[in-house]
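Enquirer: You'll find input.cif just under this line, and it carries mmCIF, C-alpha atoms and all ligand atoms.
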data_start
#
loop_
_atom_site.group_PDB
_atom_site.id
_atom_site.type_symbol
_atom_site.label_atom_id
_atom_site.label_comp_id
_atom_site.auth_asym_id
_atom_site.auth_seq_id
_atom_site.Cartn_x
_atom_site.Cartn_y
_atom_site.Cartn_z
ATOM 1 C CA MET C 1 73.424 58.743 64.504
ATOM 2 C CA ALA C 2 74.405 59.985 61.044
ATOM 3 C CA SER C 3 75.268 57.358 58.484
ATOM 4 C CA PHE C 4 78.904 57.448 57.462
ATOM 5 C CA GLU C 5 80.576 56.699 54.175
ATOM 6 C CA ALA C 6 82.343 53.672 55.569
ATOM 7 C CA SER C 7 79.422 52.360 57.590
ATOM 8 C CA SER C 8 79.286 49.093 55.670
ATOM 9 C CA ARG C 9 82.722 48.276 57.003
ATOM 10 C CA ASP C 10 81.491 48.789 60.563
ATOM 11 C CA GLU C 11 79.010 45.979 60.275
ATOM 12 C CA GLY C 12 79.835 42.449 61.267
ATOM 13 C CA GLU C 13 82.672 43.500 63.528
ATOM 14 C CA GLY C 14 81.164 41.347 66.247
ATOM 15 C CA SER C 15 83.495 41.047 69.202
ATOM 16 C CA ASN C 16 85.507 44.148 68.302
ATOM 17 C CA GLN C 17 84.117 46.686 70.760
ATOM 18 C CA THR C 18 85.976 49.646 69.329
ATOM 19 C CA SER C 19 84.599 50.098 65.831
ATOM 20 C CA LEU C 20 84.860 52.938 63.347
ATOM 21 C CA LYS C 21 81.344 53.896 64.421
ATOM 22 C CA THR C 22 82.166 54.188 68.129
ATOM 23 C CA VAL C 23 85.408 56.003 67.348
ATOM 24 C CA ARG C 24 83.546 58.526 65.206
ATOM 25 C CA GLU C 25 80.922 58.952 67.927
ATOM 26 C CA SER C 26 83.717 59.848 70.333
ATOM 27 C CA LEU C 27 85.079 62.396 67.849
ATOM 28 C CA ILE C 28 81.598 63.932 67.612
ATOM 29 C CA ARG C 29 81.378 64.263 71.409
ATOM 30 C CA GLN C 30 84.840 65.769 71.505
ATOM 31 C CA GLU C 31 83.638 68.474 69.096
ATOM 32 C CA ASP C 32 81.421 69.788 71.907
ATOM 33 C CA SER C 33 84.412 70.229 74.235
ATOM 34 C CA ILE C 34 86.473 71.897 71.531
ATOM 35 C CA VAL C 35 83.750 74.324 70.438
ATOM 36 C CA PHE C 36 82.848 75.198 74.058
ATOM 37 C CA SER C 37 86.463 75.723 75.061
ATOM 38 C CA LEU C 38 87.082 78.022 72.086
ATOM 39 C CA ILE C 39 83.964 80.058 72.902
ATOM 40 C CA GLU C 40 85.140 80.388 76.506
ATOM 41 C CA ARG C 41 88.679 81.452 75.552
ATOM 42 C CA ALA C 42 87.306 84.052 73.116
ATOM 43 C CA ARG C 43 85.689 85.868 76.088
ATOM 44 C CA HIS C 44 89.092 87.342 76.903
ATOM 45 C CA PRO C 45 91.315 89.389 74.611
ATOM 46 C CA TYR C 46 94.653 88.019 73.460
ATOM 47 C CA ASN C 47 96.506 89.010 76.676
ATOM 48 C CA ALA C 48 99.984 88.995 75.161
ATOM 49 C CA ALA C 49 101.875 89.214 78.467
ATOM 50 C CA ALA C 50 100.903 85.604 79.233
ATOM 51 C CA TYR C 51 102.722 84.339 76.115
ATOM 52 C CA ASP C 52 105.794 86.547 76.025
ATOM 53 C CA ASN C 53 109.018 84.623 76.724
ATOM 54 C CA SER C 54 110.726 87.761 77.979
ATOM 55 C CA SER C 55 108.053 88.694 80.553
ATOM 56 C CA LEU C 56 109.539 86.365 83.175
ATOM 57 C CA LYS C 57 113.238 87.089 83.009
ATOM 58 C CA SER C 58 114.224 84.520 85.636
ATOM 59 C CA SER C 59 112.657 81.486 83.907
ATOM 60 C CA GLY C 60 113.257 82.259 80.216
ATOM 61 C CA CYS C 61 109.867 80.866 79.242
ATOM 62 C CA SER C 62 106.348 82.222 79.110
ATOM 63 C CA LEU C 63 103.784 82.226 81.893
ATOM 64 C CA ALA C 64 101.703 79.991 79.584
ATOM 65 C CA GLU C 65 104.422 77.342 79.543
ATOM 66 C CA ILE C 66 104.836 77.435 83.321
ATOM 67 C CA PHE C 67 101.061 77.217 83.744
ATOM 68 C CA VAL C 68 100.703 74.183 81.463
ATOM 69 C CA ARG C 69 103.784 72.417 82.911
ATOM 70 C CA GLU C 70 102.570 72.823 86.499
ATOM 71 C CA ALA C 71 98.965 71.935 85.615
ATOM 72 C CA GLU C 72 100.161 68.757 83.879
ATOM 73 C CA HIS C 73 102.215 67.909 86.956
ATOM 74 C CA LEU C 74 99.077 68.080 89.079
ATOM 75 C CA HIS C 75 96.957 66.236 86.501
ATOM 76 C CA ALA C 76 99.572 63.464 86.333
ATOM 77 C CA LYS C 77 99.230 62.966 90.100
ATOM 78 C CA ALA C 78 95.471 62.596 89.579
ATOM 79 C CA GLY C 79 96.107 59.958 86.895
ATOM 80 C CA ARG C 80 95.146 61.863 83.735
ATOM 81 C CA TYR C 81 97.959 60.375 81.640
ATOM 82 C CA ASP C 82 97.196 56.795 82.634
ATOM 83 C CA ASN C 83 94.468 57.143 80.056
ATOM 84 C CA PRO C 84 96.095 56.436 76.682
ATOM 85 C CA GLU C 85 93.746 59.016 75.087
ATOM 86 C CA GLU C 86 95.476 61.811 76.997
ATOM 87 C CA VAL C 87 98.793 63.118 75.722
ATOM 88 C CA PRO C 88 100.654 65.715 77.839
ATOM 89 C CA PHE C 89 102.559 68.604 76.267
ATOM 90 C CA PHE C 90 105.502 68.244 78.670
ATOM 91 C CA SER C 91 105.950 64.558 79.371
ATOM 92 C CA GLU C 92 109.396 64.816 81.017
ATOM 93 C CA ASP C 93 109.536 64.239 84.760
ATOM 94 C CA LEU C 94 105.810 63.840 85.337
ATOM 95 C CA PRO C 95 105.004 62.360 88.770
ATOM 96 C CA LEU C 96 103.303 59.019 89.216
ATOM 97 C CA PRO C 97 99.555 58.928 89.945
ATOM 98 C CA LEU C 98 98.676 58.935 93.617
ATOM 99 C CA LEU C 99 95.849 56.411 93.286
ATOM 100 C CA PRO C 100 96.372 52.842 92.014
ATOM 101 C CA PRO C 101 96.084 52.756 88.201
ATOM 102 C CA TYR C 102 92.702 52.255 86.568
ATOM 103 C CA ASN C 103 92.645 49.390 84.110
ATOM 104 C CA TYR C 104 92.036 51.186 80.795
ATOM 105 C CA PRO C 105 91.253 48.872 77.865
ATOM 106 C CA GLN C 106 94.362 48.293 75.756
ATOM 107 C CA VAL C 107 93.042 48.976 72.260
ATOM 108 C CA LEU C 108 96.189 50.333 70.667
ATOM 109 C CA HIS C 109 99.473 48.743 69.619
ATOM 110 C CA PRO C 110 102.165 49.653 72.210
ATOM 111 C CA VAL C 111 103.941 51.879 69.639
ATOM 112 C CA ALA C 112 101.071 54.327 70.114
ATOM 113 C CA ALA C 113 102.966 55.902 73.019
ATOM 114 C CA SER C 114 105.674 57.058 70.599
ATOM 115 C CA VAL C 115 103.252 58.955 68.341
ATOM 116 C CA ASN C 116 103.225 62.480 69.695
ATOM 117 C CA ILE C 117 102.672 65.744 67.814
ATOM 118 C CA THR C 118 102.137 68.014 70.813
ATOM 119 C CA LYS C 119 104.862 70.457 69.632
ATOM 120 C CA THR C 120 102.978 71.003 66.377
ATOM 121 C CA ILE C 121 99.689 71.445 68.276
ATOM 122 C CA TRP C 122 101.316 73.889 70.704
ATOM 123 C CA ASN C 123 102.737 76.032 67.870
ATOM 124 C CA MET C 124 99.490 75.892 65.909
ATOM 125 C CA TYR C 125 97.445 76.956 68.941
ATOM 126 C CA PHE C 126 99.623 79.838 70.101
ATOM 127 C CA ASN C 127 100.929 81.132 66.767
ATOM 128 C CA GLU C 128 98.021 80.569 64.386
ATOM 129 C CA LEU C 129 94.792 80.017 66.264
ATOM 130 C CA LEU C 130 94.869 82.352 69.294
ATOM 131 C CA PRO C 131 95.653 85.513 67.293
ATOM 132 C CA ILE C 132 92.586 84.983 65.105
ATOM 133 C CA LEU C 133 90.294 83.626 67.839
ATOM 134 C CA THR C 134 90.774 86.585 70.185
ATOM 135 C CA THR C 135 90.495 90.353 69.930
ATOM 136 C CA LYS C 136 93.592 92.493 70.458
ATOM 137 C CA GLY C 137 94.040 93.839 73.969
ATOM 138 C CA ASP C 138 94.762 92.986 77.576
ATOM 139 C CA ASP C 139 92.220 92.614 80.384
ATOM 140 C CA GLY C 140 94.747 91.418 82.968
ATOM 141 C CA ASN C 141 92.931 88.129 83.638
ATOM 142 C CA TYR C 142 95.961 85.949 82.941
ATOM 143 C CA ALA C 143 95.026 83.111 85.282
ATOM 144 C CA SER C 144 91.545 82.689 83.781
ATOM 145 C CA THR C 145 92.936 83.074 80.286
ATOM 146 C CA LEU C 146 95.581 80.399 80.827
ATOM 147 C CA ALA C 147 93.118 78.009 82.476
ATOM 148 C CA LEU C 148 90.987 78.350 79.342
ATOM 149 C CA ASP C 149 94.037 77.861 77.107
ATOM 150 C CA LEU C 150 94.782 74.669 79.014
ATOM 151 C CA ALA C 151 91.229 73.406 78.392
ATOM 152 C CA CYS C 152 91.567 74.194 74.664
ATOM 153 C CA LEU C 153 94.993 72.538 74.421
ATOM 154 C CA GLN C 154 93.845 69.391 76.235
ATOM 155 C CA ALA C 155 90.737 69.067 74.060
ATOM 156 C CA LEU C 156 92.777 69.594 70.888
ATOM 157 C CA SER C 157 95.538 67.184 71.920
ATOM 158 C CA ARG C 158 93.027 64.510 72.828
ATOM 159 C CA ARG C 159 91.094 64.892 69.563
ATOM 160 C CA ILE C 160 94.130 64.969 67.314
ATOM 161 C CA HIS C 161 95.895 62.052 69.021
ATOM 162 C CA TYR C 162 92.630 60.129 68.882
ATOM 163 C CA GLY C 163 93.723 59.554 65.292
ATOM 164 C CA LYS C 164 95.569 56.525 66.755
ATOM 165 C CA TYR C 165 92.226 54.891 67.574
ATOM 166 C CA VAL C 166 90.805 55.822 64.184
ATOM 167 C CA ALA C 167 93.843 54.272 62.510
ATOM 168 C CA GLU C 168 93.678 51.147 64.656
ATOM 169 C CA VAL C 169 90.070 50.386 63.734
ATOM 170 C CA LYS C 170 90.691 51.150 60.074
ATOM 171 C CA PHE C 171 93.684 48.801 60.148
ATOM 172 C CA ARG C 172 91.652 46.034 61.796
ATOM 173 C CA ASP C 173 88.941 46.462 59.161
ATOM 174 C CA ALA C 174 91.330 45.993 56.239
ATOM 175 C CA PRO C 175 94.633 44.579 57.565
ATOM 176 C CA MET C 176 95.849 43.224 54.211
ATOM 177 C CA ASP C 177 95.390 46.505 52.348
ATOM 178 C CA TYR C 178 97.018 48.561 55.069
ATOM 179 C CA SER C 179 99.859 46.074 55.653
ATOM 180 C CA SER C 180 101.132 46.314 52.117
ATOM 181 C CA ALA C 181 101.215 50.147 52.235
ATOM 182 C CA ILE C 182 102.884 49.967 55.676
ATOM 183 C CA HIS C 183 105.587 47.569 54.397
ATOM 184 C CA ASP C 184 106.212 49.935 51.458
ATOM 185 C CA LYS C 185 106.294 52.914 53.898
ATOM 186 C CA ASP C 186 103.936 54.541 51.417
ATOM 187 C CA ARG C 187 102.575 57.574 53.276
ATOM 188 C CA GLU C 188 100.569 58.803 50.308
ATOM 189 C CA ALA C 189 98.780 55.484 49.862
ATOM 190 C CA LEU C 190 98.006 55.357 53.592
ATOM 191 C CA MET C 191 96.688 58.926 53.520
ATOM 192 C CA ARG C 192 94.477 58.048 50.540
ATOM 193 C CA MET C 193 93.138 54.900 52.198
ATOM 194 C CA LEU C 194 92.241 56.545 55.492
ATOM 195 C CA THR C 195 90.654 59.653 53.999
ATOM 196 C CA PHE C 196 86.870 59.937 53.746
ATOM 197 C CA GLU C 197 86.126 63.307 52.218
ATOM 198 C CA ARG C 198 82.398 63.087 52.768
ATOM 199 C CA VAL C 199 82.918 62.451 56.494
ATOM 200 C CA GLU C 200 85.296 65.421 56.695
ATOM 201 C CA GLU C 201 82.710 67.642 54.989
ATOM 202 C CA MET C 202 80.086 66.575 57.534
ATOM 203 C CA VAL C 203 82.471 67.278 60.413
ATOM 204 C CA LYS C 204 83.171 70.811 59.113
ATOM 205 C CA GLN C 205 79.486 71.587 58.673
ATOM 206 C CA ARG C 206 78.542 70.129 62.046
ATOM 207 C CA VAL C 207 81.144 72.089 64.018
ATOM 208 C CA ALA C 208 80.037 75.329 62.342
ATOM 209 C CA LYS C 209 76.470 74.488 63.386
ATOM 210 C CA LYS C 210 77.598 73.712 66.937
ATOM 211 C CA ALA C 211 79.389 77.079 67.072
ATOM 212 C CA MET C 212 76.091 78.712 66.063
ATOM 213 C CA VAL C 213 74.026 76.794 68.610
ATOM 214 C CA PHE C 214 76.481 76.994 71.545
ATOM 215 C CA GLY C 215 77.520 80.569 70.769
ATOM 216 C CA GLN C 216 74.101 82.236 70.684
ATOM 217 C CA GLN C 217 73.068 84.954 73.089
ATOM 218 C CA VAL C 218 70.233 83.151 74.857
ATOM 219 C CA THR C 219 67.459 85.475 75.977
ATOM 220 C CA LEU C 220 63.810 84.954 76.818
ATOM 221 C CA GLU C 221 62.590 87.072 73.912
ATOM 222 C CA GLU C 222 61.367 84.984 70.991
ATOM 223 C CA ASP C 223 62.874 87.268 68.350
ATOM 224 C CA ASN C 224 66.421 86.629 69.398
ATOM 225 C CA TRP C 225 66.241 83.008 68.265
ATOM 226 C CA SER C 226 66.091 83.877 64.570
ATOM 227 C CA GLY C 227 69.417 82.702 63.135
ATOM 228 C CA ASP C 228 70.578 85.550 60.918
ATOM 229 C CA THR C 229 70.222 88.366 63.444
ATOM 230 C CA LEU C 230 72.450 86.639 65.964
ATOM 231 C CA ASN C 231 75.819 87.780 67.069
ATOM 232 C CA TYR C 232 77.755 84.567 67.653
ATOM 233 C CA LYS C 233 80.373 84.457 70.411
ATOM 234 C CA VAL C 234 82.837 82.820 67.987
ATOM 235 C CA ASP C 235 82.557 83.068 64.224
ATOM 236 C CA PRO C 236 81.211 79.649 63.087
ATOM 237 C CA THR C 237 83.255 79.829 59.876
ATOM 238 C CA LEU C 238 86.400 80.198 61.989
ATOM 239 C CA VAL C 239 85.588 76.977 63.867
ATOM 240 C CA SER C 240 84.964 75.196 60.586
ATOM 241 C CA ARG C 241 88.263 76.560 59.223
ATOM 242 C CA LEU C 242 90.097 75.426 62.343
ATOM 243 C CA TYR C 243 88.873 71.901 61.633
ATOM 244 C CA SER C 244 89.622 71.949 57.924
ATOM 245 C CA ASP C 245 93.046 73.608 58.153
ATOM 246 C CA TRP C 246 94.451 72.065 61.326
ATOM 247 C CA ILE C 247 92.423 69.577 63.341
ATOM 248 C CA ILE C 248 91.503 67.168 60.536
ATOM 249 C CA PRO C 249 94.904 67.317 58.759
ATOM 250 C CA LEU C 250 96.757 66.801 62.068
ATOM 251 C CA THR C 251 94.478 63.911 63.038
ATOM 252 C CA LYS C 252 95.365 62.321 59.713
ATOM 253 C CA VAL C 253 99.094 62.885 60.347
ATOM 254 C CA VAL C 254 98.651 60.980 63.622
ATOM 255 C CA GLU C 255 96.774 58.227 61.766
ATOM 256 C CA VAL C 256 99.596 57.832 59.224
ATOM 257 C CA GLU C 257 102.377 57.953 61.851
ATOM 258 C CA TYR C 258 100.615 55.306 63.929
ATOM 259 C CA LEU C 259 100.005 53.047 60.933
ATOM 260 C CA LEU C 260 103.633 53.294 59.809
ATOM 261 C CA ARG C 261 104.638 51.785 63.180
ATOM 262 C CA ARG C 262 101.660 49.445 63.496
ATOM 263 C CA LEU C 263 103.571 46.336 62.361
ATOM 264 C CA ASP C 264 106.762 46.993 64.372
HETATM 265 C C1 LIG C 301 88.763 60.480 61.613
HETATM 266 C C2 LIG C 301 88.628 59.869 60.452
HETATM 267 O O1 LIG C 301 89.627 59.845 59.482
HETATM 268 C C3 LIG C 301 89.833 60.921 58.608
HETATM 269 C C4 LIG C 301 89.866 62.166 59.395
HETATM 270 C C5 LIG C 301 88.698 62.800 59.711
HETATM 271 C C6 LIG C 301 88.672 63.794 60.824
HETATM 272 O O2 LIG C 301 89.730 64.115 61.381
HETATM 273 O O3 LIG C 301 87.567 64.239 61.193
HETATM 274 C C7 LIG C 301 87.552 62.494 59.008
HETATM 275 C C8 LIG C 301 87.539 61.595 57.983
HETATM 276 C C9 LIG C 301 88.744 60.927 57.519
HETATM 277 O O4 LIG C 301 89.184 61.559 56.357
HETATM 278 C C10 LIG C 301 87.401 59.151 60.085
HETATM 279 O O5 LIG C 301 87.410 58.446 59.086
HETATM 280 O O6 LIG C 301 86.411 59.279 60.826
#
Write the structure described by the file as structure tokens, please.
Expert:
Amino acid sequence: MASFEASSRDEGEGSNQTSLKTVRESLIRQEDSIVFSLIERARHPYNAAAYDNSSLKSSGCSLAEIFVREAEHLHAKAGRYDNPEEVPFFSEDLPLPLLPPYNYPQVLHPVAASVNITKTIWNMYFNELLPILTTKGDDGNYASTLALDLACLQALSRRIHYGKYVAEVKFRDAPMDYSSAIHDKDREALMRMLTFERVEEMVKQRVAKKAMVFGQQVTLEEDNWSGDTLNYKVDPTLVSRLYSDWIIPLTKVVEVEYLLRRLD
């Protein structure tokens, strides 16, 4: 595993199973889901009818919203939101899981449940990301398109809200330093303390590389494996930009919001 800027602080954590190292390893694995889901969604054009609030006159919302609401309803029955890493977009009136709850480890402070930026993620995904990820046009495959949107939204929500875990382990590593900034409600100091620019740079480079590797046309002819002649399924610089402009900044917003409530 790559060595991280803060690796010295990971050492000696002993009994603490969730360390900055394991949290970062999870973020690295989540990159795979995000990059794959973006590549899959980019197979279809934009398909505007699925997002138009006026297409379904009787409901007043878009087909996308109905799709995500009903999918979350079903996922709630299967226990998805028992896992504190999963944050639904429409948390009102979700049904209880049908199976008895699984005993997920309680790593976070209970205030974690109140940190939720799904509205921001929703707006970012539909207003900013989708128009640049997809080509213009309509292929009529709204169900497939929306199922792929759901996969993208879930992967993004999970990754961004995982900032709670990042913040928790950073807090446990340096409780005195963080506590004084939390008492002062000093967002800027918290943002400075939790930021590791070198790690962010590595993340941006790695996701661009993953977009190149996962997005190649794989053929059996040797020639097609030479990097610069390839036509990637999603522009690797777009994936890197998605991380630098939205995913990393929003993860850090979650980190700060969680820390501000960490001593409540
Ligand atoms: C997630 C972390 O916190 C911050 C956010 C990062 C991210 O979202 O990828 C990376 C580095 C830090 O600036 C971390 O330190 O690993």
Enquirer: Hey, which residues sit close to ligand LIG 301 (chain C)? Say within 10 Å, counting all atoms listed in the file, and write them as a VMD selection string.
Expert: chain C and resid 4 to 6 20 to 28 31 159 to 160 162 to 167 169 to 170 191 to 204 243 to 244 246 to 255
Enquirer: Taking all atoms listed in the file into account, which of C:Tyr142, C:Phe171, C:Phe90, C:Phe67 comes nearest Ile117 of chain C?
Expert: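 Smallest distance to Ile117 of chain C is found for C:Phe90.
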Enquirer: Record the distance separating atom CA of Leu96 of chain C and atom CA of Gly79 of chain C, expressed in Å with one decimal.
Expert: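 Computed distance, atom CA of Leu96 of chain C to atom CA of Gly79 of chain C, equals 7.6 Å.
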Enquirer: For the file shown, report as JSON, numbers by chain the outcome of the PyMOL selection byres (((chain C and resi 132-141) around 8) and not hetatm) at residue level.
Expert: {"C": [38, 41, 42, 43, 44, 45, 46, 47, 48, 128, 129, 130, 131, 142, 143, 144, 145, 234, 238]}
Enquirer: What would the file look like if the residues just selected were written as a PDB file, keeping the file's coordinate frame with C-alpha atoms?
Expert:
ATOM      1  CA  LEU C  38      87.082  78.022  72.086  1.00  0.00           C
ATOM      2  CA  ARG C  41      88.679  81.452  75.552  1.00  0.00           C
ATOM      3  CA  ALA C  42      87.306  84.052  73.116  1.00  0.00           C
ATOM      4  CA  ARG C  43      85.689  85.868  76.088  1.00  0.00           C
ATOM      5  CA  HIS C  44      89.092  87.342  76.903  1.00  0.00           C
ATOM      6  CA  PRO C  45      91.315  89.389  74.611  1.00  0.00           C
ATOM      7  CA  TYR C  46      94.653  88.019  73.460  1.00  0.00           C
ATOM      8  CA  ASN C  47      96.506  89.010  76.676  1.00  0.00           C
ATOM      9  CA  ALA C  48      99.984  88.995  75.161  1.00  0.00           C
ATOM     10  CA  GLU C 128      98.021  80.569  64.386  1.00  0.00           C
ATOM     11  CA  LEU C 129      94.792  80.017  66.264  1.00  0.00           C
ATOM     12  CA  LEU C 130      94.869  82.352  69.294  1.00  0.00           C
ATOM     13  CA  PRO C 131      95.653  85.513  67.293  1.00  0.00           C
ATOM     14  CA  TYR C 142      95.961  85.949  82.941  1.00  0.00           C
ATOM     15  CA  ALA C 143      95.026  83.111  85.282  1.00  0.00           C
ATOM     16  CA  SER C 144      91.545  82.689  83.781  1.00  0.00           C
ATOM     17  CA  THR C 145      92.936  83.074  80.286  1.00  0.00           C
ATOM     18  CA  VAL C 234      82.837  82.820  67.987  1.00  0.00           C
ATOM     19  CA  LEU C 238      86.400  80.198  61.989  1.00  0.00           C
TER      20      LEU C 238
END
Enquirer: Between atom CA of Ala78 of chain C and atom CA of Arg158 of chain C, what is the spacing in Å?
Expert: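 Separating atom CA of Arg158 of chain C from atom CA of Ala78 of chain C is a distance of 17.0 Å.
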Enquirer: As an exercise, work out the distance from atom CA of Arg261 of chain C to atom CA of Tyr125 of chain C in Å and give it to one decimal place.
Expert: 26.8 Å
Enquirer: Just the residues within 12 Å of Arg80 of chain C, please, counting all atoms listed in the file, with nothing from its chain fewer than 5 positions along; format it as an MDAnalysis selection string.
Expert: chainID C and resid 71:75 85:88 91 94:99 101:102 104 154 158
Enquirer: Restricting the calculation to only C-alpha atoms: of C:Ser37, C:Gln17, C:Ser114, C:Ser58, which residue gets closest to Lys233 of chain C?
Expert: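 Counting only C-alpha atoms, the residue closest to Lys233 of chain C is C:Ser37.
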Enquirer: Give me the residues within 8 Å of Val107 of chain C as a PyMOL selection string, counting all atoms listed in the file and dropping any in the same chain fewer than 2 places off.
Expert: chain C and resi 18+105+109+165+168
Enquirer: Kindly indicate which residue among C:Leu263, C:Arg187, C:Glu65, C:Asp177 lies nearest to Asn123 of chain C, using all atoms listed in the file for the distances.
Expert: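 Once distances to Asn123 of chain C are computed over all atoms listed in the file, the minimum belongs to C:Glu65.
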Enquirer: Once the PyMOL selection byres (((chain C and resi 34) around 10) and not hetatm) is applied to the coordinates I shared, what remains selected? I want it as a ChimeraX atom specification.
Expert: /C:29-33,35-40,151-156,158-159,207,211,239
Enquirer: Identify the residues within 12 Å of coordinate (103.7, 52.2, 54.1) (same frame as the file), considering all atoms listed in the file, and give the answer as a list of chain:residue names.
Expert: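 Here is the list of nearby residues: C:Met176, C:Asp177, C:Tyr178, C:Ser179, C:Ser180, C:Ala181, C:Ile182, C:His183, C:Asp184, C:Lys185, C:Asp186, C:Arg187, C:Glu188, C:Ala189, C:Leu190, C:Met191, C:Arg192, C:Met193, C:Glu255, C:Val256, C:Glu257, C:Tyr258, C:Leu259, C:Leu260, C:Arg261, C:Arg262, C:Leu263, C:Asp264.
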Enquirer: So, with all atoms listed in the file as the atoms that count, which of C:Pro84, C:Lys57, C:Leu242, C:Ala76 lies closest to Val111 of chain C?
Expert: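 Smallest distance to Val111 of chain C is found for C:Pro84.
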Enquirer: Could segment 122-138 of chain C be completed with N, CA and C atoms and returned as a tab-separated table (two decimals), in the frame of the given file?
Expert:
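Final output, saved to rebuild_35.tsv:
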chain	number	residue	atom	x	y	z
C	122	TRP	N	100.97	72.71	69.88
C	122	TRP	CA	101.32	73.89	70.70
C	122	TRP	C	101.57	75.10	69.79
C	123	ASN	N	102.41	74.92	68.78
C	123	ASN	CA	102.74	76.03	67.87
C	123	ASN	C	101.51	76.49	67.10
C	124	MET	N	100.71	75.54	66.65
C	124	MET	CA	99.49	75.89	65.91
C	124	MET	C	98.56	76.73	66.81
C	125	TYR	N	98.39	76.28	68.05
C	125	TYR	CA	97.44	76.96	68.94
C	125	TYR	C	97.90	78.38	69.26
C	126	PHE	N	99.18	78.51	69.66
C	126	PHE	CA	99.62	79.84	70.10
C	126	PHE	C	99.95	80.78	68.94
C	127	ASN	N	100.49	80.23	67.85
C	127	ASN	CA	100.93	81.13	66.77
C	127	ASN	C	99.85	81.40	65.73
C	128	GLU	N	99.00	80.41	65.48
C	128	GLU	CA	98.02	80.57	64.39
C	128	GLU	C	96.61	80.83	64.93
C	129	LEU	N	96.20	79.98	65.86
C	129	LEU	CA	94.79	80.02	66.26
C	129	LEU	C	94.46	81.19	67.19
C	130	LEU	N	95.21	81.32	68.30
C	130	LEU	CA	94.87	82.35	69.29
C	130	LEU	C	94.77	83.76	68.71
C	131	PRO	N	95.75	84.15	67.84
C	131	PRO	CA	95.65	85.51	67.29
C	131	PRO	C	94.38	85.76	66.48
C	132	ILE	N	93.82	84.72	65.86
C	132	ILE	CA	92.59	84.98	65.10
C	132	ILE	C	91.32	84.70	65.94
C	133	LEU	N	91.47	83.93	67.00
C	133	LEU	CA	90.29	83.63	67.84
C	133	LEU	C	89.95	84.82	68.74
C	134	THR	N	90.98	85.55	69.16
C	134	THR	CA	90.77	86.58	70.18
C	134	THR	C	90.87	87.98	69.58
C	135	THR	N	90.33	88.95	70.33
C	135	THR	CA	90.50	90.35	69.93
C	135	THR	C	91.83	90.84	70.51
C	136	LYS	N	92.35	91.91	69.91
C	136	LYS	CA	93.59	92.49	70.46
C	136	LYS	C	93.27	93.11	71.82
C	137	GLY	N	94.27	93.14	72.71
C	137	GLY	CA	94.04	93.84	73.97
C	137	GLY	C	94.47	93.02	75.17
C	138	ASP	N	94.29	93.60	76.34
C	138	ASP	CA	94.76	92.99	77.58
C	138	ASP	C	93.76	93.33	78.67
